[in-house]
>>> print(open('query07.cif').read())   # mmCIF, C-alpha atoms
data_protein
#
loop_
_atom_site.label_atom_id
_atom_site.label_comp_id
_atom_site.auth_asym_id
_atom_site.auth_seq_id
_atom_site.Cartn_x
_atom_site.Cartn_y
_atom_site.Cartn_z
CA ARG G 1 77.82 5.67 -56.90
CA LYS G 2 75.45 2.71 -56.95
CA GLU G 3 76.99 -0.74 -56.78
CA VAL G 4 75.94 -1.57 -60.34
CA GLU G 5 74.45 0.94 -62.78
CA GLN G 6 73.03 0.47 -66.23
CA ASP G 7 71.31 2.70 -68.76
CA PRO G 8 67.69 1.45 -68.60
CA GLY G 9 67.03 2.22 -72.27
CA PRO G 10 65.03 1.24 -74.17
CA PHE G 11 67.42 0.90 -77.07
CA ASN G 12 65.44 0.66 -80.30
CA VAL G 13 67.76 -0.75 -82.92
CA PRO G 14 67.06 -1.89 -86.50
CA GLU G 15 67.70 -5.52 -87.31
CA GLY G 16 71.26 -6.11 -88.47
CA ALA G 17 72.72 -3.14 -86.62
CA THR G 18 75.37 -3.22 -83.92
CA VAL G 19 74.44 -2.12 -80.41
CA ALA G 20 76.47 -1.69 -77.23
CA PHE G 21 75.53 -1.25 -73.58
CA ASN G 22 77.68 -0.16 -70.69
CA CYS G 23 77.53 -1.07 -67.04
CA THR G 24 79.48 0.67 -64.28
CA TYR G 25 80.35 -0.85 -60.92
CA SER G 26 81.57 0.70 -57.69
CA ASN G 27 83.64 -2.02 -56.02
CA SER G 28 87.13 -1.86 -57.51
CA ALA G 29 87.95 -5.23 -55.91
CA SER G 30 85.42 -7.08 -58.10
CA GLN G 31 87.16 -9.69 -60.23
CA SER G 32 84.41 -11.26 -62.28
CA PHE G 33 81.36 -10.01 -64.07
CA PHE G 34 78.42 -11.43 -65.96
CA TRP G 35 75.80 -10.50 -68.48
CA TYR G 36 72.38 -12.11 -68.18
CA ARG G 37 69.49 -11.96 -70.56
CA GLN G 38 65.90 -11.79 -69.35
CA ASP G 39 62.96 -12.25 -71.68
CA CYS G 40 59.58 -10.81 -70.76
CA ARG G 41 58.03 -12.68 -67.81
CA LYS G 42 60.87 -15.21 -67.73
CA GLU G 43 63.80 -15.88 -65.46
CA PRO G 44 67.23 -14.36 -66.20
CA LYS G 45 69.63 -16.63 -68.06
CA LEU G 46 73.39 -16.42 -68.13
CA LEU G 47 74.65 -14.95 -71.39
CA MET G 48 78.36 -14.32 -70.86
CA SER G 49 81.04 -14.34 -68.19
CA VAL G 50 83.85 -11.78 -68.07
CA TYR G 51 86.88 -12.73 -66.00
CA SER G 52 89.71 -10.82 -67.63
CA SER G 53 89.78 -8.15 -70.28
CA GLY G 54 86.94 -9.58 -72.28
CA ASN G 55 85.10 -12.48 -73.81
CA GLU G 56 83.64 -13.18 -77.23
CA ASP G 57 80.91 -15.64 -78.17
CA GLY G 58 79.65 -15.43 -81.73
CA ARG G 59 77.91 -12.11 -82.24
CA PHE G 60 78.37 -11.13 -78.61
CA THR G 61 81.44 -9.47 -77.13
CA ALA G 62 81.87 -8.44 -73.51
CA GLN G 63 84.72 -6.15 -72.52
CA LEU G 64 86.05 -5.08 -69.14
CA ASN G 65 87.71 -1.78 -68.35
CA ARG G 66 89.05 -2.06 -64.80
CA ALA G 67 90.56 1.43 -64.75
CA SER G 68 87.20 3.04 -65.45
CA GLN G 69 85.22 0.30 -63.69
CA TYR G 70 82.83 -0.57 -66.45
CA ILE G 71 81.94 -3.53 -68.57
CA SER G 72 80.29 -3.41 -71.95
CA LEU G 73 78.25 -5.78 -74.07
CA LEU G 74 78.42 -5.50 -77.85
CA ILE G 75 75.91 -7.26 -80.08
CA ARG G 76 76.74 -7.42 -83.78
CA ASP G 77 74.32 -8.19 -86.61
CA SER G 78 71.39 -7.95 -84.21
CA LYS G 79 68.45 -10.32 -84.65
CA LEU G 80 64.80 -9.89 -83.73
CA SER G 81 65.34 -12.62 -81.14
CA ASP G 82 67.90 -10.45 -79.36
CA SER G 83 65.05 -8.30 -78.03
CA ALA G 84 65.21 -8.67 -74.25
CA THR G 85 66.45 -6.98 -71.11
CA TYR G 86 70.18 -7.36 -70.49
CA LEU G 87 71.31 -7.46 -66.87
CA CYS G 88 74.80 -6.64 -65.67
CA VAL G 89 75.87 -8.71 -62.67
CA VAL G 90 78.72 -8.31 -60.19
CA PRO G 91 79.35 -10.94 -57.48
CA LEU G 92 80.23 -9.45 -54.09
CA ASN G 93 81.34 -12.15 -51.65
CA ASP G 94 78.28 -14.37 -51.13
CA LYS G 95 75.88 -11.87 -52.69
CA ILE G 96 75.20 -11.21 -56.34
CA ILE G 97 74.51 -7.62 -57.31
CA PHE G 98 72.27 -7.12 -60.32
CA GLY G 99 71.90 -3.98 -62.33
CA LYS G 100 68.37 -2.91 -63.15
CA GLY G 101 68.85 -3.94 -66.76
CA THR G 102 68.90 -2.37 -70.21
CA ARG G 103 65.92 -3.01 -72.47
CA LEU G 104 66.69 -3.74 -76.09
CA HIS G 105 64.11 -3.74 -78.87
CA ILE G 106 65.24 -4.95 -82.29
CA LEU G 107 63.07 -3.43 -84.99
CA PRO G 108 62.26 -5.32 -88.20
CA SER H 1 73.36 -31.88 -64.59
CA GLN H 2 71.94 -29.41 -62.14
CA THR H 3 68.32 -28.34 -62.19
CA ILE H 4 66.31 -25.98 -60.05
CA HIS H 5 62.60 -26.23 -59.42
CA GLN H 6 60.13 -23.72 -58.10
CA TRP H 7 56.46 -24.05 -57.40
CA PRO H 8 53.83 -23.02 -57.85
CA ALA H 9 54.32 -21.21 -61.17
CA THR H 10 51.52 -18.76 -60.48
CA LEU H 11 49.62 -17.88 -57.35
CA VAL H 12 46.78 -15.51 -56.50
CA GLN H 13 46.34 -14.83 -52.80
CA PRO H 14 44.19 -12.40 -50.80
CA VAL H 15 45.72 -9.74 -48.60
CA GLY H 16 46.41 -11.08 -45.13
CA SER H 17 46.75 -14.70 -46.20
CA PRO H 18 49.91 -16.77 -45.58
CA LEU H 19 52.47 -17.67 -48.22
CA SER H 20 54.85 -20.53 -48.78
CA LEU H 21 57.01 -20.81 -51.89
CA GLU H 22 59.37 -23.71 -52.33
CA CYS H 23 62.58 -24.06 -54.27
CA THR H 24 64.66 -27.22 -54.67
CA VAL H 25 67.93 -27.85 -56.45
CA GLU H 26 69.10 -31.15 -57.89
CA GLY H 27 72.51 -32.34 -58.98
CA THR H 28 74.68 -30.29 -56.64
CA SER H 29 75.64 -30.22 -52.98
CA ASN H 30 75.94 -27.32 -50.54
CA PRO H 31 74.84 -24.64 -53.01
CA ASN H 32 74.39 -21.00 -52.11
CA LEU H 33 70.68 -20.27 -52.47
CA TYR H 34 68.96 -16.97 -53.13
CA TRP H 35 65.45 -15.50 -53.19
CA TYR H 36 64.76 -12.47 -55.37
CA ARG H 37 61.64 -10.47 -56.07
CA GLN H 38 60.99 -8.53 -59.24
CA ALA H 39 58.10 -6.08 -59.25
CA ALA H 40 56.45 -5.38 -62.59
CA GLY H 41 58.84 -3.45 -64.85
CA ARG H 42 61.51 -3.26 -62.16
CA GLY H 43 64.90 -4.81 -61.40
CA LEU H 44 65.74 -7.79 -59.22
CA GLN H 45 65.63 -7.21 -55.48
CA LEU H 46 67.63 -9.65 -53.36
CA LEU H 47 65.47 -10.77 -50.43
CA PHE H 48 67.42 -13.58 -48.74
CA TYR H 49 70.43 -15.74 -49.32
CA SER H 50 71.77 -18.83 -47.63
CA VAL H 51 75.23 -20.40 -47.61
CA GLY H 52 74.16 -23.52 -45.71
CA ILE H 53 71.42 -25.35 -43.83
CA GLY H 54 69.79 -23.08 -41.29
CA GLN H 55 71.90 -20.08 -42.34
CA ILE H 56 69.79 -17.22 -43.67
CA SER H 57 70.86 -13.67 -44.44
CA SER H 58 68.14 -11.08 -44.89
CA GLU H 59 68.70 -8.16 -47.20
CA VAL H 60 65.48 -6.22 -46.85
CA PRO H 61 63.40 -5.98 -43.66
CA GLN H 62 59.80 -6.85 -44.50
CA ASN H 63 57.05 -9.29 -43.68
CA LEU H 64 58.77 -12.17 -45.47
CA SER H 65 60.99 -14.87 -44.03
CA ALA H 66 63.09 -17.67 -45.44
CA SER H 67 64.20 -21.06 -44.21
CA ARG H 68 66.56 -23.75 -45.41
CA PRO H 69 65.54 -26.99 -43.75
CA GLN H 70 67.59 -29.18 -46.08
CA ASP H 71 70.74 -28.64 -48.13
CA ARG H 72 68.92 -28.21 -51.41
CA GLN H 73 65.63 -26.77 -50.25
CA PHE H 74 64.86 -23.09 -49.77
CA ILE H 75 61.48 -21.83 -48.62
CA LEU H 76 60.05 -18.31 -48.69
CA SER H 77 57.20 -17.58 -46.32
CA SER H 78 54.91 -14.90 -45.05
CA LYS H 79 52.34 -14.94 -42.28
CA LYS H 80 50.26 -12.13 -43.78
CA LEU H 81 50.63 -10.95 -47.35
CA LEU H 82 50.49 -7.30 -48.34
CA LEU H 83 49.44 -5.87 -51.69
CA SER H 84 53.04 -4.74 -52.17
CA ASP H 85 54.19 -8.36 -52.01
CA SER H 86 52.91 -8.94 -55.54
CA GLY H 87 55.69 -9.73 -57.97
CA PHE H 88 57.79 -12.33 -59.67
CA TYR H 89 59.69 -14.43 -57.12
CA LEU H 90 62.86 -16.06 -58.33
CA CYS H 91 65.01 -18.64 -56.62
CA ALA H 92 68.61 -19.04 -57.71
CA TRP H 93 71.59 -21.20 -56.82
CA ARG H 94 75.33 -20.85 -57.07
CA GLY H 95 77.82 -23.67 -56.62
CA THR H 96 80.41 -23.65 -53.86
CA GLY H 97 83.39 -21.78 -55.26
CA GLY H 98 81.44 -20.91 -58.37
CA LEU H 99 80.50 -17.44 -59.44
CA GLU H 100 77.69 -17.91 -61.94
CA GLN H 101 74.15 -17.96 -60.64
CA TYR H 102 71.32 -20.01 -62.13
CA PHE H 103 67.66 -19.22 -61.77
CA GLY H 104 64.53 -21.25 -61.37
CA PRO H 105 61.48 -20.55 -63.55
CA GLY H 106 59.94 -18.28 -60.91
CA THR H 107 56.59 -17.87 -59.20
CA ARG H 108 54.32 -15.06 -60.25
CA LEU H 109 52.42 -13.91 -57.16
CA THR H 110 49.42 -11.61 -57.29
CA VAL H 111 48.04 -10.36 -53.98
CA THR H 112 44.46 -9.14 -54.30
#
>>> encode(input="query07.cif", output="structure tokens")
Amino acid sequence: RKEVEQDPGPFNVPEGATVAFNCTYSNSASQSFFWYRQDCRKEPKLLMSVYSSGNEDGRFTAQLNRASQYISLLIRDSKLSDSATYLCVVPLNDKIIFGKGTRLHILP
Amino acid sequence: SQTIHQWPATLVQPVGSPLSLECTVEGTSNPNLYWYRQAAGRGLQLLFYSVGIGQISSEVPQNLSASRPQDRQFILSSKKLLLSDSGFYLCAWRGTGGLEQYFGPGTRLTVT
């Protein structure tokens, strides 16, 4: 199993819909997780941190399932501006392991 | 507040030419520093990371090298660029004891 795996997508979702992505990780000792957002030709930016079972910030909810070793990102009431690539991130000692990202396209 | 700078923003270099990309961080001390490369349409590839001055860990053997001459300065270099070195180079920092990583604006390198 790869250290961090994501469905590359693309997910094509109509505006206003709810969409969810999963990310699986291999190191069962990992304690914290992050979702980053990367717009086309821009640097990744931190979206959410997940330290325990989950985290919610407005329309965004991140959940952690330690038993199955995956984290998920749920976006409710999606907006056109949510179109981006979403990167799952797992710190591993001094390194940071990035997934390859899931592309999301919100359709008008 | 902390800020991270990278320059240049874009660069076009011929094959075989040298490279030097610089990254500096402000507003923090003793950060962990990272260099990533992202090829077009691909994920982030960790190239080097550093936990302190003069300490460099290399993740991928290649014709690139990194140096950290000062606490908040991280430099990526090459003596001779290859076509495959084209990509988006991102520098990032993480605070001591922190877990979140923050990225600079990146340098888009095209090797011709």
>>> residues_around(input="query07.cif", residues="Ser30 in chain G", least_positions_apart="4", cutoff="9 Å", atoms="only C-alpha atoms", output="MDAnalysis selection string")
chainID G and resid 25:26 90:92
>>> closest_atom_pairs(input="query07.cif", of="chain G", to="chain H", cutoff="7 Å", atoms="all atoms listed in the file", output="Markdown table")
| residue | atom | partner | partner_atom | distance |
| --- | --- | --- | --- | --- |
| G:Lys42 | CA | H:Pro105 | CA | 6.8 |
| G:Glu43 | CA | H:Pro105 | CA | 5.6 |
| G:Pro44 | CA | H:Phe103 | CA | 6.6 |
| G:Pro91 | CA | H:Leu99 | CA | 6.9 |
| G:Phe98 | CA | H:Leu44 | CA | 6.7 |
| G:Lys100 | CA | H:Gly43 | CA | 4.3 |
| G:Gly101 | CA | H:Gly43 | CA | 6.7 |
>>> atom_distance(input="query07.cif", atom1="CA of Ser52 in chain G", atom2="CA of Gly98 in chain H")
16.0 Å
>>> resolve_selection(input="query07.cif", expression="the PyMOL selection byres ((chain G and resi 88) around 8)", output="PyMOL selection string")
chain G and resi 4+6+23+33-36+86-87+89-90+98-101
>>> resolve_selection(input="query07.cif", expression="the PyMOL selection byres ((chain G and resi 9-12) around 6)", output="NGL selection string")
:G and (7-8 or 13 or 102-106)
>>> atom_distance(input="query07.cif", atom1="CA of Lys80 in chain H", atom2="CA of Thr112 in chain H")
12.4 Å
>>> atom_distance(input="query07.cif", atom1="CA of Ile97 in chain G", atom2="CA of Thr85 in chain G")
16.0 Å
>>> resolve_selection(input="query07.cif", expression="the PyMOL selection byres ((chain H and resi 23-27) around 7)", output="list in words")
Ser1, Gln2, Thr3, Ile4, His5, Gln6, Trp7, Leu21, Glu22, Thr28, Arg72, Gln73, Phe74, Ile75 and Cys91 of chain H
>>> closest_residue(input="query07.cif", among="H:Asn30, H:Ser84, H:Thr10, H:Gln70", to="Val111 in chain H", atoms="only C-alpha atoms")
H:Ser84
>>> closest_residue(input="query07.cif", among="G:Phe60, G:Cys40, G:Leu107, G:Asp94", to="Trp93 in chain H", atoms="all atoms listed in the file")
G:Asp94
>>> closest_residue(input="query07.cif", among="G:Lys95, G:Lys2, G:Arg76, G:Arg41", to="Asp57 in chain G", atoms="all atoms listed in the file")
G:Arg76
>>> build_atoms(input="query07.cif", residues="range 64-75 of chain G", atoms="all heavy atoms", output="mmCIF file, in the coordinates of the input")
data_model
loop_
_atom_site.group_PDB
_atom_site.id
_atom_site.type_symbol
_atom_site.label_atom_id
_atom_site.label_comp_id
_atom_site.auth_asym_id
_atom_site.auth_seq_id
_atom_site.Cartn_x
_atom_site.Cartn_y
_atom_site.Cartn_z
ATOM 1 N N LEU G 64 85.881 -5.594 -70.499
ATOM 2 C CA LEU G 64 86.050 -5.080 -69.140
ATOM 3 C C LEU G 64 87.094 -3.990 -69.140
ATOM 4 O O LEU G 64 88.175 -4.172 -69.677
ATOM 5 C CB LEU G 64 86.470 -6.225 -68.215
ATOM 6 C CG LEU G 64 86.962 -5.862 -66.816
ATOM 7 C CD1 LEU G 64 85.861 -5.175 -66.023
ATOM 8 C CD2 LEU G 64 87.461 -7.107 -66.104
ATOM 9 N N ASN G 65 86.767 -2.874 -68.529
ATOM 10 C CA ASN G 65 87.710 -1.780 -68.350
ATOM 11 C C ASN G 65 87.838 -1.554 -66.848
ATOM 12 O O ASN G 65 87.009 -0.890 -66.225
ATOM 13 C CB ASN G 65 87.212 -0.515 -69.050
ATOM 14 C CG ASN G 65 88.222 0.622 -68.974
ATOM 15 O OD1 ASN G 65 88.828 0.873 -67.936
ATOM 16 N ND2 ASN G 65 88.416 1.308 -70.089
ATOM 17 N N ARG G 66 88.891 -2.133 -66.262
ATOM 18 C CA ARG G 66 89.050 -2.060 -64.800
ATOM 19 C C ARG G 66 89.385 -0.645 -64.346
ATOM 20 O O ARG G 66 88.964 -0.215 -63.280
ATOM 21 C CB ARG G 66 90.134 -3.012 -64.329
ATOM 22 C CG ARG G 66 89.748 -4.467 -64.457
ATOM 23 C CD ARG G 66 90.749 -5.361 -63.744
ATOM 24 N NE ARG G 66 90.482 -6.767 -63.998
ATOM 25 C CZ ARG G 66 89.590 -7.475 -63.322
ATOM 26 N NH1 ARG G 66 88.886 -6.913 -62.357
ATOM 27 N NH2 ARG G 66 89.403 -8.756 -63.616
ATOM 28 N N ALA G 67 90.137 0.071 -65.144
ATOM 29 C CA ALA G 67 90.560 1.430 -64.750
ATOM 30 C C ALA G 67 89.344 2.332 -64.590
ATOM 31 O O ALA G 67 89.256 3.123 -63.648
ATOM 32 C CB ALA G 67 91.525 1.991 -65.776
ATOM 33 N N SER G 68 88.391 2.201 -65.494
ATOM 34 C CA SER G 68 87.200 3.040 -65.450
ATOM 35 C C SER G 68 86.025 2.344 -64.782
ATOM 36 O O SER G 68 84.948 2.926 -64.649
ATOM 37 C CB SER G 68 86.809 3.485 -66.857
ATOM 38 O OG SER G 68 87.862 4.214 -67.459
ATOM 39 N N GLN G 69 86.231 1.086 -64.400
ATOM 40 C CA GLN G 69 85.220 0.300 -63.690
ATOM 41 C C GLN G 69 83.912 0.210 -64.476
ATOM 42 O O GLN G 69 82.833 0.570 -63.980
ATOM 43 C CB GLN G 69 84.991 0.855 -62.277
ATOM 44 C CG GLN G 69 86.203 0.666 -61.392
ATOM 45 C CD GLN G 69 85.990 1.119 -59.956
ATOM 46 O OE1 GLN G 69 86.909 1.611 -59.323
ATOM 47 N NE2 GLN G 69 84.812 0.949 -59.433
ATOM 48 N N TYR G 70 84.048 -0.271 -65.711
ATOM 49 C CA TYR G 70 82.830 -0.570 -66.450
ATOM 50 C C TYR G 70 83.049 -1.795 -67.308
ATOM 51 O O TYR G 70 84.183 -2.149 -67.666
ATOM 52 C CB TYR G 70 82.351 0.625 -67.278
ATOM 53 C CG TYR G 70 83.121 0.901 -68.544
ATOM 54 C CD1 TYR G 70 82.827 0.215 -69.735
ATOM 55 C CD2 TYR G 70 84.120 1.865 -68.569
ATOM 56 C CE1 TYR G 70 83.528 0.479 -70.892
ATOM 57 C CE2 TYR G 70 84.821 2.137 -69.728
ATOM 58 C CZ TYR G 70 84.522 1.445 -70.882
ATOM 59 O OH TYR G 70 85.216 1.709 -72.029
ATOM 60 N N ILE G 71 81.931 -2.457 -67.602
ATOM 61 C CA ILE G 71 81.940 -3.530 -68.570
ATOM 62 C C ILE G 71 80.934 -3.178 -69.658
ATOM 63 O O ILE G 71 79.975 -2.442 -69.411
ATOM 64 C CB ILE G 71 81.602 -4.908 -67.953
ATOM 65 C CG1 ILE G 71 80.237 -4.900 -67.276
ATOM 66 C CG2 ILE G 71 82.656 -5.310 -66.938
ATOM 67 C CD1 ILE G 71 79.788 -6.265 -66.796
ATOM 68 N N SER G 72 81.171 -3.702 -70.827
ATOM 69 C CA SER G 72 80.290 -3.410 -71.950
ATOM 70 C C SER G 72 79.868 -4.714 -72.610
ATOM 71 O O SER G 72 80.544 -5.742 -72.503
ATOM 72 C CB SER G 72 80.988 -2.499 -72.945
ATOM 73 O OG SER G 72 82.130 -3.143 -73.481
ATOM 74 N N LEU G 73 78.742 -4.661 -73.269
ATOM 75 C CA LEU G 73 78.250 -5.780 -74.070
ATOM 76 C C LEU G 73 77.962 -5.257 -75.465
ATOM 77 O O LEU G 73 77.205 -4.295 -75.622
ATOM 78 C CB LEU G 73 76.980 -6.377 -73.470
ATOM 79 C CG LEU G 73 76.367 -7.539 -74.246
ATOM 80 C CD1 LEU G 73 77.288 -8.759 -74.222
ATOM 81 C CD2 LEU G 73 74.996 -7.907 -73.688
ATOM 82 N N LEU G 74 78.586 -5.887 -76.451
ATOM 83 C CA LEU G 74 78.420 -5.500 -77.850
ATOM 84 C C LEU G 74 77.687 -6.622 -78.569
ATOM 85 O O LEU G 74 78.088 -7.786 -78.469
ATOM 86 C CB LEU G 74 79.779 -5.246 -78.489
ATOM 87 C CG LEU G 74 79.785 -4.814 -79.951
ATOM 88 C CD1 LEU G 74 79.451 -3.344 -80.063
ATOM 89 C CD2 LEU G 74 81.153 -5.084 -80.586
ATOM 90 N N ILE G 75 76.639 -6.288 -79.281
ATOM 91 C CA ILE G 75 75.910 -7.260 -80.080
ATOM 92 C C ILE G 75 76.012 -6.841 -81.539
ATOM 93 O O ILE G 75 75.574 -5.748 -81.913
ATOM 94 C CB ILE G 75 74.425 -7.349 -79.664
ATOM 95 C CG1 ILE G 75 74.304 -7.625 -78.169
ATOM 96 C CG2 ILE G 75 73.706 -8.432 -80.471
ATOM 97 C CD1 ILE G 75 72.859 -7.602 -77.661
#
